[in-house]
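Structure first, commentary second.
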There are 4 protein chains.
Amino acid sequence: MKTYFPNTEKIQFEGESSRNPLAFRYYDENRIVAGKTMKEHLRYAVCYWHTFCGTGADPFGPGPQQLPWLNASNPMEQAHQKMDAAFEFFTKLGVPFYCFHDRDMAPEGNSVEESEANLWELVKRAKDKQAESGVKLLWGTANLFSHPRYMNGGATNSNFDVVCQGAAQVKAAIDATKFLGGENYVFWGGREGYDSLLNTNMKREKAHFAEFLRQCVNYAEETGFTGQFLIEPKPMEPTKHQYDVDSATVIGFLRENGLEKHFKINHEPNHGTLAGHDPAHDIQVAADAGMLGSIDANRGDAQNGWDTDQFPTNLNSAVDIMRIVLQQGGLAPGGLNFDAKTRRNSTDLEDIFYGHIGAMDNFARALVIADDVNNNSEIPKMLKQRYSSFDAGQGSAFEAGKLSLSDLRDLAATKGEPTQISGQQELYENIYNIHIG
Amino acid sequence: MKTYFPNTEKIQFEGESSRNPLAFRYYDENRIVAGKTMKEHLRYAVCYWHTFCGTGADPFGPGPQQLPWLNASNPMEQAHQKMDAAFEFFTKLGVPFYCFHDRDMAPEGNSVEESEANLWELVKRAKDKQAESGVKLLWGTANLFSHPRYMNGGATNSNFDVVCQGAAQVKAAIDATKFLGGENYVFWGGREGYDSLLNTNMKREKAHFAEFLRQCVNYAEETGFTGQFLIEPKPMEPTKHQYDVDSATVIGFLRENGLEKHFKINHEPNHGTLAGHDPAHDIQVAADAGMLGSIDANRGDAQNGWDTDQFPTNLNSAVDIMRIVLQQGGLAPGGLNFDAKTRRNSTDLEDIFYGHIGAMDNFARALVIADDVNNNSEIPKMLKQRYSSFDAGQGSAFEAGKLSLSDLRDLAATKGEPTQISGQQELYENIYNIHIG
Amino acid sequence: MKTYFPNTEKIQFEGESSRNPLAFRYYDENRIVAGKTMKEHLRYAVCYWHTFCGTGADPFGPGPQQLPWLNASNPMEQAHQKMDAAFEFFTKLGVPFYCFHDRDMAPEGNSVEESEANLWELVKRAKDKQAESGVKLLWGTANLFSHPRYMNGGATNSNFDVVCQGAAQVKAAIDATKFLGGENYVFWGGREGYDSLLNTNMKREKAHFAEFLRQCVNYAEETGFTGQFLIEPKPMEPTKHQYDVDSATVIGFLRENGLEKHFKINHEPNHGTLAGHDPAHDIQVAADAGMLGSIDANRGDAQNGWDTDQFPTNLNSAVDIMRIVLQQGGLAPGGLNFDAKTRRNSTDLEDIFYGHIGAMDNFARALVIADDVNNNSEIPKMLKQRYSSFDAGQGSAFEAGKLSLSDLRDLAATKGEPTQISGQQELYENIYNIHIG
Amino acid sequence: MKTYFPNTEKIQFEGESSRNPLAFRYYDENRIVAGKTMKEHLRYAVCYWHTFCGTGADPFGPGPQQLPWLNASNPMEQAHQKMDAAFEFFTKLGVPFYCFHDRDMAPEGNSVEESEANLWELVKRAKDKQAESGVKLLWGTANLFSHPRYMNGGATNSNFDVVCQGAAQVKAAIDATKFLGGENYVFWGGREGYDSLLNTNMKREKAHFAEFLRQCVNYAEETGFTGQFLIEPKPMEPTKHQYDVDSATVIGFLRENGLEKHFKINHEPNHGTLAGHDPAHDIQVAADAGMLGSIDANRGDAQNGWDTDQFPTNLNSAVDIMRIVLQQGGLAPGGLNFDAKTRRNSTDLEDIFYGHIGAMDNFARALVIADDVNNNSEIPKMLKQRYSSFDAGQGSAFEAGKLSLSDLRDLAATKGEPTQISGQQELYENIYNIHIG
Ligand SMILES: [Co+2]
Ligand SMILES: [Co+2]
Ligand SMILES: [Co+2]
Ligand SMILES: [Co+2]
Ligand SMILES: [Co+2]
Ligand SMILES: [Co+2]
Ligand SMILES: [Co+2]
Ligand SMILES: [Co+2]
C-alpha cells in the first residue's frame, strides 16, 4: 500500500536527553503513574479534520499545505486515500484513539441517501482499519456548520427543513459511531447561535436545540448506543453569540431541559479562553458538576479573539488540567483529543508530527507533575487547612443546613471580628513552581 | 434645613427644543406610552453609593470630588447629612426610587450590635424622609465586599467566622429593606469568586453560597419579607473569576440548587459587557427564563476591562433594552437603577445632575422608540415569518416532541435540499435605524 | 448586455419619510452641506473584493452566497462578467468611486507575465467602463496575502524570492492604478507580521518593508504616478502581531525610515477597534499628524476579536468620524470606501444594496450632524475655553518653549494650588446627544 | 533600631533542592552566567510604592494589609519609619537596587516649598541608608497622577497652572534622583491621556507633553544629571486612551519631537499585555530601536483588563524577556524592577518576601535558560538560515537599496514561483521547550 509519510518511522520514546525532534522525550506509553500507564491516563486522540482535511486556509487566503492524500479528483477516492493516510499517521504516532466528523470521513452526496451511503462505505473500511491497527474511536460527530444550508443554524435553524437535514446527519453519525465502537459522541453547535437579536428568537431556537438533543437521547436508547454524549462549549465564532457559551451555560441549559443525566462536557481550552476564563477554571466547573467528559486538548491566545487551535505545548496549563483530571479519577471514556492544527505556514508533512509530539510530551510531563503536586506537595494540605473551619462544629452545621440566618448572625455577634488569615497566593504559586521546575 | 444643591431647582420637562442642560427634553413622567406613564414604565432609581459616597477615587489616586455632605468628621453625623443631601437630590431630580447598601447609609460600628444600631438609626430616619418626599425604596442590599474581613469572600469565605459576619449584615439589611417597604433585595457577590485555583475549593465555596442564599429565603419567609430577591451577575473584577458570571451562569446555579423560584436577575449592562456579551443578549437570556427582575442602568466600555459604570447615554443600547422590557410587560417590581457615576474629573455638583438627566432622557426616548419598533415597524412581522415553519404542520409537531430523530431524517430525505432563505440582517438593521432616526 | 441585478433600479433619494428599503432617506448627493455637496464630502467607494468576490466563506464553511457573475468556469470570462456586475452595481447604487486589488479584478496567471497580461486585459476594459459610467477609481492595491506563497509574508517574507514576487505584483498594480486615474494607492500588509518571535527576525523584516516602500516611492516618481500612497493599519489577524498596528505605529515607522512625506493613513475603523482604540481616536491620531488620507468605512465588534467588516450603520460612530473629517477640510483625494460585507447568511442579491444604502444614509446623516456640532453647538466653545490658559501669558510662553523647568517650578510656587476645574464630560455628552437627537 | 521583619532573616541561596520558602533556589547572586554574575545581569530592584505604601486597596474596598511602618499618625514620622522598613527589606532580600516616586518617600506638603523640604529631608536620609546598606537607586520618578489636581492630566493638563505644579514635582524628583546617584529617571504618564474626545484637544495636549519633556532634558543638561531618561508605556487605565500606548507609539512620539536621543523605554509587561501584545513583542520593538532601557518586571492577566501587577513567576515569559536582554548585551543602566504587589488578601508580612523570592528565582532560572537557548540550541542557527537569502547576492543587494521595483519584478519573472519553505513553528516551539524543560 502507498505510504504517505515515507520519511517518518514509528515515533519512539527516547527519554529526556534525546534531541531527536521525531522522538518522545516524556511520553512513554507504558510508564506507570499513579497506578495506570500513561496511555491509560492520557487517552490521546488525533482529530481527522485539522490533521487530514485542513490545508491551512484562513479568512485571508486558501491553504498552502499540500497533502498528498487530497490529490485524487474523485471525492470518494480522496476519502479512501485520506483514510489510509490517517491510519498510517495514527499508527506511526502511536496514539490509541482518533475522532471524526461525518464529512471529514466521507463527502456529502446529492441526497440524504447518497450521503449516508458514502459515509457507510468509509465507515465499514474504518472498522477494518481499526481492527488491523488497534486504533480505536474516541468519538464521532456530525458537521452541522460547514454546509451553506446551515448558515442560519443547524438544530436551531429558523427553517424547520434545515433542522430535518441536521437530524439526518446526526442520526447517521450516531449510527456510524456506534458501529465503530466509539466511546463518546460529541455535539458542537458551530452555527447554533446568532449575530443580531433583531432577526432572532433566541428562546425558540434554544427550545428547538433542547428538543433536538432529547430526540438524540431517545435514539441512542432505542438503538442501544451506549457511548457518552458530550457537548462542546464555545462562546462566540462563527456567530457573535453562540448558545453553548461555556461549561456553566451548557450545564444550566441541560438542567433546565432535564437533560443533565445524558450529557457531559467536551471541553476545549481555546474555547474556554475565548469565553474569558482560564481554561482550568472552565474545566473545574465541569468537573465539580460531575460533568467533565473529555478534553479537546489545544491552546488559544488570550489576545487573539479567534480559535487559533494551537498545539497545547504550555506546561503550566497542562499541569493545571491534569490535576483536575487526576482528582476526578481520569477522563475515560473521554480522552485528550488534539483539536489542534499546525500553523498555516507549517507546510512540511513532518510539521504535523512535530505538533503532535510536542503536545503529547507536554501532557505526559504534566501528568507526572500533576500527580506530584497532588500527592507530594504542601498544596493539598494547605488547601484542606484553609477550609477546615467547615469540617467540624458550627461550620459543619452550616454546611449541613442546620443554621438559620439568625443563628449565623448570633454567632457573628458572639465571635466578634474574625482573625485575618492570609490567602498566601504567592506562597502557593512558589510551591507550585517548585514542583514544575 | 441646609440645602446641598442651592443652585439647582427641581428639574423640569421642557421638551425636545430645550437647550437648558438642567431640564428634561424627553422624560415627561406623566406622558403615556403603551398604556402607562413614563414614570411607571421606567421606574428610575438613584443609587446611594456612587452618587453620595463616591468621590472619584480610582486605583491611581483618591477622589477629587468634594461633597459637602461628607464634611462632618463624626461618621454618624456624616450619615445624616448624606441622607439629607440624598433626599434633596432625589426630589430635585424627580425620581420615584432609590437604592442603597447598608454601609452607604450608616457606618460600620465596632460590633455587630453597634453596626445594627447605626443602621437602624438611619433607616428610621429614611422612612420618615420617604414619607415626606414620596420617594420609595427600589431595593436594599448589604455590602459584603469593602470591609477587609471579606478579602477572601463573603458568603464564600474560606473561614466560617467571616461567613457569619456576612450573614449578620445581610439579616440586618433585609430587615431594613422590609421596614422601608423595599420592593426588591439584591445580592451582588463582590468578593464571591477567586484569583487562583491553587488556593481555592470552588465547589465547596459555591455550595456555601447556595446554603447562604437558602437561609436568606427561609428568613424572608419567616419574617414576611415579600420583596423580590435578585442576584446581580458580574464575570470578573475584583476577582479574576467571579462566581456569578452572567445571566445564564446565575440561572444555572439557582436551578442546580433548587433556588430558581426565589430569585431573579438584577442585570447591569456594564457587567454584561465585561462578560463578553452585548448587554441586550444577557438581558434577553434572563427575560427568556422569566427571570429578568431589574436593571442597573449604566454603560461600560468594551475595550476597557473594568467596570467604568458610566451613565447610559447610548440610544441604540437603551432601545435594545427597552424592547425586551416592553415585551415582558415591564420591570416591576424592579426598575432602572442608575448604577453609574460621574467621571473622576467631573467635580462640579451639577455634574451629578447632568449625568442623571442625560440617562433619564435617553431611556425615555428609548422607551418611545422601542414601543414604536415593537408595534409599528416591520420587524416583528418579519421575525414571526422567519420562524413560521414551526407554527404548523411537521415543524409544529417537532416543537411538540412528536417527531423522533428517525422521523426527522425521513422528512429530510423526502423534502430534499431546503430552499435558501436570507437572514437579511442588513435590512433588519436599516429598518431599526429608521425607527431610531 | 446581461443585467445582474434585474430587480433593482437606480437607487433614488426619497427623503426621511420614505419606507422604501431600496431608497436613500438621507443621502442626497447634491445637497449642500458646509459649502460642498454630499457627494463631494463623502466620496463614497464600493470595494471590489467583499462585494463581487466574497461569497460568505468563513473558517467554518464555504460561502453560501450565489453570485451569478461567478458562474463562468473560465477565470478570465468570470473576471469580465464580474466587472459587468460591478459597474452595474456602482451605477445603480450611485457611488462616484470604487476600489480594487489586482487579484479581485483579474486572476493570477501561471507566470508573472501572464498575471500582468490578465490584469492588463481587465484594466483596459475597466477604463472604458469608467468612461462610460463616470465612476472613478478611488484606489488600487495589490493582494500580497491570499496566495500561499505569501504565507511567511509579502514584503517581509523571510525568503527574498517571495519579496520579488510581491514587488512584481505591486509594480503592476501601481501601473494599473495610474492608468485608471486612481487617486490613491493603498498598502495593506495582510501577511506582514508574525506569530512567534522564535522563528522571526522582526527588525530585519521591518527593514525589508521600509526598503520595499522606498522603492515604491521611487517607482511612482519615475513613472509619474501622482496618486497618494496610503498604509492601512491593523494590529492582528491573520498574524498574532501585524507590523502596522495602528495609526501611531505606522506613522512612527514612516518617520523612522524617512518616508513620512510619501504616505498617509487609510484608516479602517474595524482595525482601530481590534487595536483596542475607539476608531475615532485612531483617526484623530492620523489627522493630528496631517496624515489622515482615506477611510475604509466599516464597523467591527469590540467583543469579537476578528475583522467582522460590518456595514457602518452606527450613527454616533459616524458622527465622531465626520467631525474629524470636516475639521481637516475633507478627505480628498481619499474617500469613504465601504470595506464591508453582508453577513454570511445574507444571501439575497438585494442584501448587498441594503448594506450599502444603510451605510450611505448613515454617513450622510452624520455629515449633517457633525457640521451642526462643529458649528452650532456649545462644544467647540467649551473646548476652546478649556485650554484657554495656554492662549496667552505664561501658558503661551510655555507653548513657545520659553519657560524652563525651573521657571515652571517657580510659577507653581507663586501661584499656589490651582483652582479645580471640572472636565464636565457628562455635560459634553448630553450636548452631543442633543445634536444627534 | 526597630525591626519590621523580625521573623525573617536575610534570604539565602540554598539551591534547587531546598524546600525552604524563604530561600532562593535559583538566584545565586555570584553565579556567573555568560561572563557576568547573576547580580550584574539581573539588576533587581524593589519598588517603594507597592511594597511599602500599598495596603491592598482596590476599587471595591480599602486595603486589608496592616503594615507596621504606616502606624505613625504624623506623615513625616510615617515616612521615616517606612524608609527604615524599606531598607531593612532591601537588605534582607538582598537586592542591589530600589525605585521610588517622590510621594512614596515623603508626603506632599501645603506648598511647593514644603513638599520640597519634606522630600529633601527623606532623600538625605536615604543617601545615608544607601551608603550604609550598599543598596543603590535604580530610578526615581514623580507621581503626577494621584493628587486630585492631576485629574485632568499632569503635563497634559488643560489648565497651565497644573502643568506648573507637575513641573515643580518633576524638578524636585530629578534633583533627588541625581543626589541619590539614581542611574535612571522614569516618566509614567498616569493621567496623560483622555476619556472623551468631546472635551479633549489631543494634539495640543501631546504638544504640551513634548514641550514638558524637552524642558526636562534641558534641565538635566544644565544640572548635570546624567542618568538615563525613560518613558513607561501603558495603553489605558486610568484613562480610556493613554498617550504612551506601547513601545512603538512612544518611540514614534519621541522621534516626531526630536527627543529620541534622550529617552529610552521602561517596559512593563503588564502594560504590554493590556496593549494587546505579548510583552516580549513590545520589549523586542524597543530593543530593535536601541531603546530598551529598563523593565518593570511583573505580569498581568490577558483576560483581566486592568493592571494586576502580579509577581512575574511565569518561566516561559521570563525566558522570552531574558533572551532579548542578553541579545542586547544587558539592561544597564536599567534593571529589573519588581513593579508588582502581593494580592489584596496576602496579608502576612512574609507574603511580600514570597512574592519577591518567587520572582527573583524565576528570572534567575530564565537567565540561565535564555543563555542556553541563545548559545546551545538550534534556534539561532535555524533563524539565521531562515533569512539567509538576504545574506548575499540579490537579496543582499535589495537590503542595500540597490534594486528598484522594476529590478525586483524582473527577478520575479526570471526566478518563477518560489520554493515553498515551512515556517516550522511547531519545531521551534518543541526545541524551545526542550531547553526550558
Ligand atoms: Co474542539
Ligand atoms: Co476550537
Ligand atoms: Co450594579
Ligand atoms: Co458595575
Ligand atoms: Co480595509
Ligand atoms: Co477589516
Ligand atoms: Co510600572
Ligand atoms: Co502596571
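Just remember, in the C-alpha cells the first chain shown is A, the second B, etc., residues are 1-based per chain, and ligands are 1-based in the order shown.
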Hey, what's within 8 Å of segment 321-325 of chain D if we count only C-alpha atoms and toss same-chain stuff fewer than 5 positions away? As JSON, numbers by chain, please? {"D": [280, 283, 284, 287, 330, 331, 363, 366, 367, 370, 371, 373, 374]}
Ligand 4: which residues are within 12 Å, counting only C-alpha atoms and all ligand atoms? Reply as a VMD selection string. (chain B and resid 47 49 to 50 188 to 190 232 to 238 266 to 275 295 to 301 305 to 312 337 to 341) or (chain D and resid 59 to 60)
What lies within 12 Å of Asp372 of chain C using only C-alpha atoms, ignoring chain neighbours under 2 positions off, as a list in words? Val33, Ala34, Val319, Met322, Arg323, Leu326, Arg365, Ala366, Leu367, Val368, Ile369, Ala370, Asn374, Asn375, Asn376, Ser377, Glu378, Ile379, Pro380, Ile431, Tyr432, Asn433, Ile434, His435, Ile436 and Gly437 of chain C
Arg343 of chain B environment, 10 Å, only C-alpha atoms, sequence neighbours closer than 3 positions dropped, as a VMD selection string: (chain B and resid 55 to 57 65 308 to 311 340 346 to 347 351 to 352 355) or (chain C and resid 422 to 426) or (chain D and resid 151 195)
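Any residue of chain A with an atom no more than 6 Å from chain B counts as a contact; using only C-alpha atoms, that gives Val112, Ser158, Asn159, Phe160, Asp161, Cys164, Gln165, Ala167, Ala168, Asn199, Lys203, Gln215, Ala248, Thr249, Gly252, Asp288, Leu383, Tyr387, Ser389, Gly395, Ser404, Leu405, Leu408, Arg409, Ala412, Ala413 and Pro418 of chain A.
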Just the selected residues (N, CA, C and O atoms), exported as a tab-separated table (two decimals), in the first residue's frame, please.
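Generated file (out-v4.tsv):
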```tsv
chain	number	residue	atom	x	y	z
A	112	VAL	N	-29.84	12.77	0.93
A	112	VAL	CA	-29.62	12.16	2.23
A	112	VAL	C	-29.13	10.72	2.06
A	112	VAL	O	-28.14	10.30	2.68
A	158	SER	N	-33.84	28.66	11.71
A	158	SER	CA	-35.18	29.25	11.70
A	158	SER	C	-36.11	28.54	10.71
A	158	SER	O	-37.32	28.79	10.73
A	159	ASN	N	-35.56	27.67	9.91
A	159	ASN	CA	-36.36	26.92	8.94
A	159	ASN	C	-36.37	25.44	9.34
A	159	ASN	O	-35.33	24.79	9.38
A	160	PHE	N	-37.54	24.90	9.59
A	160	PHE	CA	-37.66	23.52	10.04
A	160	PHE	C	-37.02	22.53	9.07
A	160	PHE	O	-36.42	21.53	9.49
A	161	ASP	N	-37.07	22.82	7.78
A	161	ASP	CA	-36.50	21.89	6.80
A	161	ASP	C	-35.01	21.66	7.03
A	161	ASP	O	-34.49	20.57	6.79
A	164	CYS	N	-34.38	19.28	9.88
A	164	CYS	CA	-34.50	17.88	9.44
A	164	CYS	C	-33.21	17.40	8.81
A	164	CYS	O	-32.75	16.28	9.07
A	165	GLN	N	-32.61	18.22	7.98
A	165	GLN	CA	-31.33	17.84	7.37
A	165	GLN	C	-30.29	17.56	8.45
A	165	GLN	O	-29.53	16.60	8.37
A	167	ALA	N	-30.85	16.64	11.47
A	167	ALA	CA	-31.20	15.40	12.16
A	167	ALA	C	-30.74	14.18	11.36
A	167	ALA	O	-30.26	13.19	11.92
A	168	ALA	N	-30.90	14.27	10.05
A	168	ALA	CA	-30.46	13.15	9.22
A	168	ALA	C	-28.96	12.92	9.38
A	168	ALA	O	-28.51	11.77	9.52
A	199	ASN	N	-33.18	39.80	14.28
A	199	ASN	CA	-33.81	38.76	13.44
A	199	ASN	C	-33.81	37.40	14.14
A	199	ASN	O	-33.91	36.37	13.48
A	203	LYS	N	-35.19	32.36	22.35
A	203	LYS	CA	-35.87	31.40	23.21
A	203	LYS	C	-36.38	30.20	22.41
A	203	LYS	O	-36.21	29.05	22.80
A	215	GLN	N	-34.34	14.11	21.31
A	215	GLN	CA	-34.57	13.04	20.33
A	215	GLN	C	-33.31	12.23	20.09
A	215	GLN	O	-33.38	11.03	19.78
A	248	ALA	N	-20.60	26.31	32.42
A	248	ALA	CA	-21.74	26.65	33.28
A	248	ALA	C	-23.00	26.87	32.45
A	248	ALA	O	-24.10	26.45	32.84
A	249	THR	N	-22.87	27.53	31.32
A	249	THR	CA	-24.04	27.79	30.48
A	249	THR	C	-24.62	26.49	29.95
A	249	THR	O	-25.84	26.30	29.94
A	252	GLY	N	-26.26	24.53	32.78
A	252	GLY	CA	-27.53	25.15	33.13
A	252	GLY	C	-28.61	24.85	32.11
A	252	GLY	O	-29.76	24.56	32.45
A	288	ASP	N	-16.58	19.81	38.75
A	288	ASP	CA	-17.33	19.98	40.00
A	288	ASP	C	-18.79	19.53	39.85
A	288	ASP	O	-19.41	19.10	40.83
A	383	LEU	N	-4.54	23.61	51.37
A	383	LEU	CA	-5.90	23.86	50.89
A	383	LEU	C	-6.92	23.27	51.86
A	383	LEU	O	-7.93	23.91	52.18
A	387	TYR	N	-9.90	25.50	54.57
A	387	TYR	CA	-11.35	25.39	54.73
A	387	TYR	C	-11.74	24.60	55.98
A	387	TYR	O	-12.88	24.18	56.12
A	389	SER	N	-12.39	25.26	58.94
A	389	SER	CA	-13.43	25.75	59.86
A	389	SER	C	-14.82	25.18	59.50
A	389	SER	O	-15.74	25.27	60.31
A	395	GLY	N	-19.29	25.36	61.69
A	395	GLY	CA	-19.08	25.44	60.25
A	395	GLY	C	-19.67	24.23	59.56
A	395	GLY	O	-20.29	24.33	58.49
A	404	SER	N	-29.73	28.83	60.77
A	404	SER	CA	-30.54	29.85	60.09
A	404	SER	C	-29.75	31.14	59.99
A	404	SER	O	-28.70	31.30	60.63
A	405	LEU	N	-30.28	32.08	59.22
A	405	LEU	CA	-29.62	33.37	59.09
A	405	LEU	C	-29.49	34.03	60.46
A	405	LEU	O	-28.44	34.64	60.77
A	408	LEU	N	-26.67	32.43	62.39
A	408	LEU	CA	-25.37	32.89	61.89
A	408	LEU	C	-25.09	34.30	62.41
A	408	LEU	O	-23.96	34.60	62.82
A	409	ARG	N	-26.10	35.13	62.39
A	409	ARG	CA	-25.95	36.49	62.92
A	409	ARG	C	-25.55	36.45	64.39
A	409	ARG	O	-24.67	37.19	64.83
A	412	ALA	N	-21.99	35.55	64.76
A	412	ALA	CA	-21.14	36.70	64.42
A	412	ALA	C	-21.02	37.63	65.62
A	412	ALA	O	-19.92	38.11	65.96
A	413	ALA	N	-22.15	37.89	66.26
A	413	ALA	CA	-22.14	38.80	67.40
A	413	ALA	C	-21.30	38.23	68.54
A	413	ALA	O	-20.54	38.95	69.19
A	418	PRO	N	-13.47	38.45	63.06
A	418	PRO	CA	-12.65	37.26	62.76
A	418	PRO	C	-11.16	37.60	62.64
A	418	PRO	O	-10.79	38.72	62.27
```
DSSP strand (DSSP E) residues within segment 233-296 of chain C, as a compact mmCIF listing (two decimals) with N, CA, C and O atoms, in the first residue's frame:
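What ended up in states.txt:
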```txt
# COMPACT_ATOMS: atom_id res chain seq x y z
N HIS C 241 0.83 39.27 15.54
CA HIS C 241 1.37 40.64 15.62
C HIS C 241 1.60 41.18 14.22
O HIS C 241 2.62 40.89 13.61
N GLN C 242 0.65 41.94 13.72
CA GLN C 242 0.88 42.63 12.44
C GLN C 242 1.80 43.83 12.68
O GLN C 242 1.73 44.46 13.74
N PHE C 263 3.54 59.03 2.50
CA PHE C 263 2.42 58.14 2.83
C PHE C 263 1.45 58.83 3.78
O PHE C 263 1.86 59.66 4.59
N LYS C 264 0.19 58.45 3.64
CA LYS C 264 -0.79 58.80 4.65
C LYS C 264 -1.46 57.52 5.13
O LYS C 264 -1.11 56.42 4.69
N ILE C 265 -2.42 57.68 6.02
CA ILE C 265 -3.12 56.52 6.59
C ILE C 265 -4.43 56.28 5.86
O ILE C 265 -5.21 57.22 5.65
N ASN C 266 -4.68 55.05 5.50
CA ASN C 266 -6.04 54.63 5.13
C ASN C 266 -6.59 53.93 6.36
O ASN C 266 -6.15 52.83 6.71
N HIS C 267 -7.50 54.58 7.03
CA HIS C 267 -7.94 54.04 8.32
C HIS C 267 -9.19 53.18 8.19
O HIS C 267 -10.20 53.61 7.65
N LEU C 292 -4.16 61.80 7.79
CA LEU C 292 -5.39 61.04 7.55
C LEU C 292 -5.73 61.14 6.07
O LEU C 292 -6.16 62.19 5.59
N GLY C 293 -5.54 60.04 5.37
CA GLY C 293 -5.70 60.08 3.92
C GLY C 293 -7.04 59.60 3.42
O GLY C 293 -7.62 60.19 2.50
N SER C 294 -7.53 58.53 4.00
CA SER C 294 -8.76 57.93 3.49
C SER C 294 -9.31 57.00 4.58
O SER C 294 -8.62 56.72 5.57
N ILE C 295 -10.56 56.57 4.40
CA ILE C 295 -11.19 55.74 5.43
C ILE C 295 -11.89 54.55 4.77
O ILE C 295 -12.64 54.73 3.80
N ASP C 296 -11.61 53.37 5.31
CA ASP C 296 -12.33 52.15 4.89
C ASP C 296 -13.55 52.01 5.78
O ASP C 296 -13.53 51.29 6.78
```
Quick one, how far is atom CA of Gly329 of chain C from atom CA of Ile32 of chain C?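 Distance between the two atoms: 14.9 Å.
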Mind checking DSSP for segment 93-214 of chain C and telling me the helix (DSSP H, G or I) residues as a ChimeraX atom specification? /C:93,102-105,112-133,148-152,160-179,197-199,202-214
Got a sec: who's within 9 Å of segment 18-25 of chain B, counting only C-alpha atoms, leaving out chain neighbours fewer than 5 positions off, as a JSON list (two decimals) with N, CA and C atoms, in the first residue's frame?
```
[["chain", "number", "residue", "atom", "x", "y", "z"],
["B", 8, "THR", "N", -29.51, 74.51, 42.23],
["B", 8, "THR", "CA", -30.31, 73.69, 41.31],
["B", 8, "THR", "C", -31.73, 73.58, 41.83],
["B", 9, "GLU", "N", -32.65, 73.95, 40.95],
["B", 9, "GLU", "CA", -34.08, 73.80, 41.26],
["B", 9, "GLU", "C", -34.54, 72.41, 40.82],
["B", 10, "LYS", "N", -35.80, 72.12, 41.09],
["B", 10, "LYS", "CA", -36.35, 70.86, 40.58],
["B", 10, "LYS", "C", -36.24, 70.83, 39.06],
["B", 11, "ILE", "N", -35.77, 69.72, 38.55],
["B", 11, "ILE", "CA", -35.57, 69.58, 37.10],
["B", 11, "ILE", "C", -36.94, 69.43, 36.42],
["B", 12, "GLN", "N", -37.15, 70.26, 35.41],
["B", 12, "GLN", "CA", -38.44, 70.28, 34.72],
["B", 12, "GLN", "C", -38.34, 69.65, 33.35],
["B", 13, "PHE", "N", -39.45, 69.13, 32.88],
["B", 13, "PHE", "CA", -39.55, 68.71, 31.49],
["B", 13, "PHE", "C", -39.79, 69.93, 30.62],
["B", 350, "GLU", "N", -23.14, 70.07, 39.85],
["B", 350, "GLU", "CA", -24.07, 69.97, 38.72],
["B", 350, "GLU", "C", -23.81, 68.73, 37.88],
["B", 353, "PHE", "N", -26.12, 65.98, 38.39],
["B", 353, "PHE", "CA", -27.41, 66.20, 37.70],
["B", 353, "PHE", "C", -27.29, 65.89, 36.20],
["B", 354, "TYR", "N", -26.24, 66.42, 35.58],
["B", 354, "TYR", "CA", -26.08, 66.18, 34.14],
["B", 354, "TYR", "C", -26.09, 64.68, 33.84],
["B", 357, "ILE", "N", -29.64, 63.31, 34.28],
["B", 357, "ILE", "CA", -30.59, 63.86, 33.29],
["B", 357, "ILE", "C", -30.36, 63.24, 31.91],
["B", 358, "GLY", "N", -29.10, 63.15, 31.53],
["B", 358, "GLY", "CA", -28.78, 62.54, 30.23],
["B", 358, "GLY", "C", -29.29, 61.11, 30.15],
["B", 360, "MET", "N", -31.71, 59.71, 32.00],
["B", 360, "MET", "CA", -33.18, 59.65, 32.07],
["B", 360, "MET", "C", -33.81, 60.03, 30.74],
["B", 361, "ASP", "N", -33.26, 61.04, 30.12],
["B", 361, "ASP", "CA", -33.75, 61.42, 28.80],
["B", 361, "ASP", "C", -33.51, 60.31, 27.78],
["B", 365, "ARG", "N", -36.54, 58.45, 25.80],
["B", 365, "ARG", "CA", -36.57, 58.45, 24.34],
["B", 365, "ARG", "C", -36.57, 57.01, 23.81],
["C", 427, "LEU", "N", -21.75, 66.67, 30.71],
["C", 427, "LEU", "CA", -22.39, 67.80, 30.02],
["C", 427, "LEU", "C", -22.05, 67.78, 28.54],
["C", 430, "ASN", "N", -24.13, 65.10, 26.92],
["C", 430, "ASN", "CA", -25.54, 65.47, 26.76],
["C", 430, "ASN", "C", -25.73, 66.45, 25.60],
["C", 431, "ILE", "N", -24.84, 67.41, 25.51],
["C", 431, "ILE", "CA", -24.96, 68.37, 24.41],
["C", 431, "ILE", "C", -24.79, 67.65, 23.07],
["C", 434, "ILE", "N", -27.90, 65.95, 22.18],
["C", 434, "ILE", "CA", -28.93, 66.87, 21.70],
["C", 434, "ILE", "C", -28.80, 67.06, 20.19]]
```
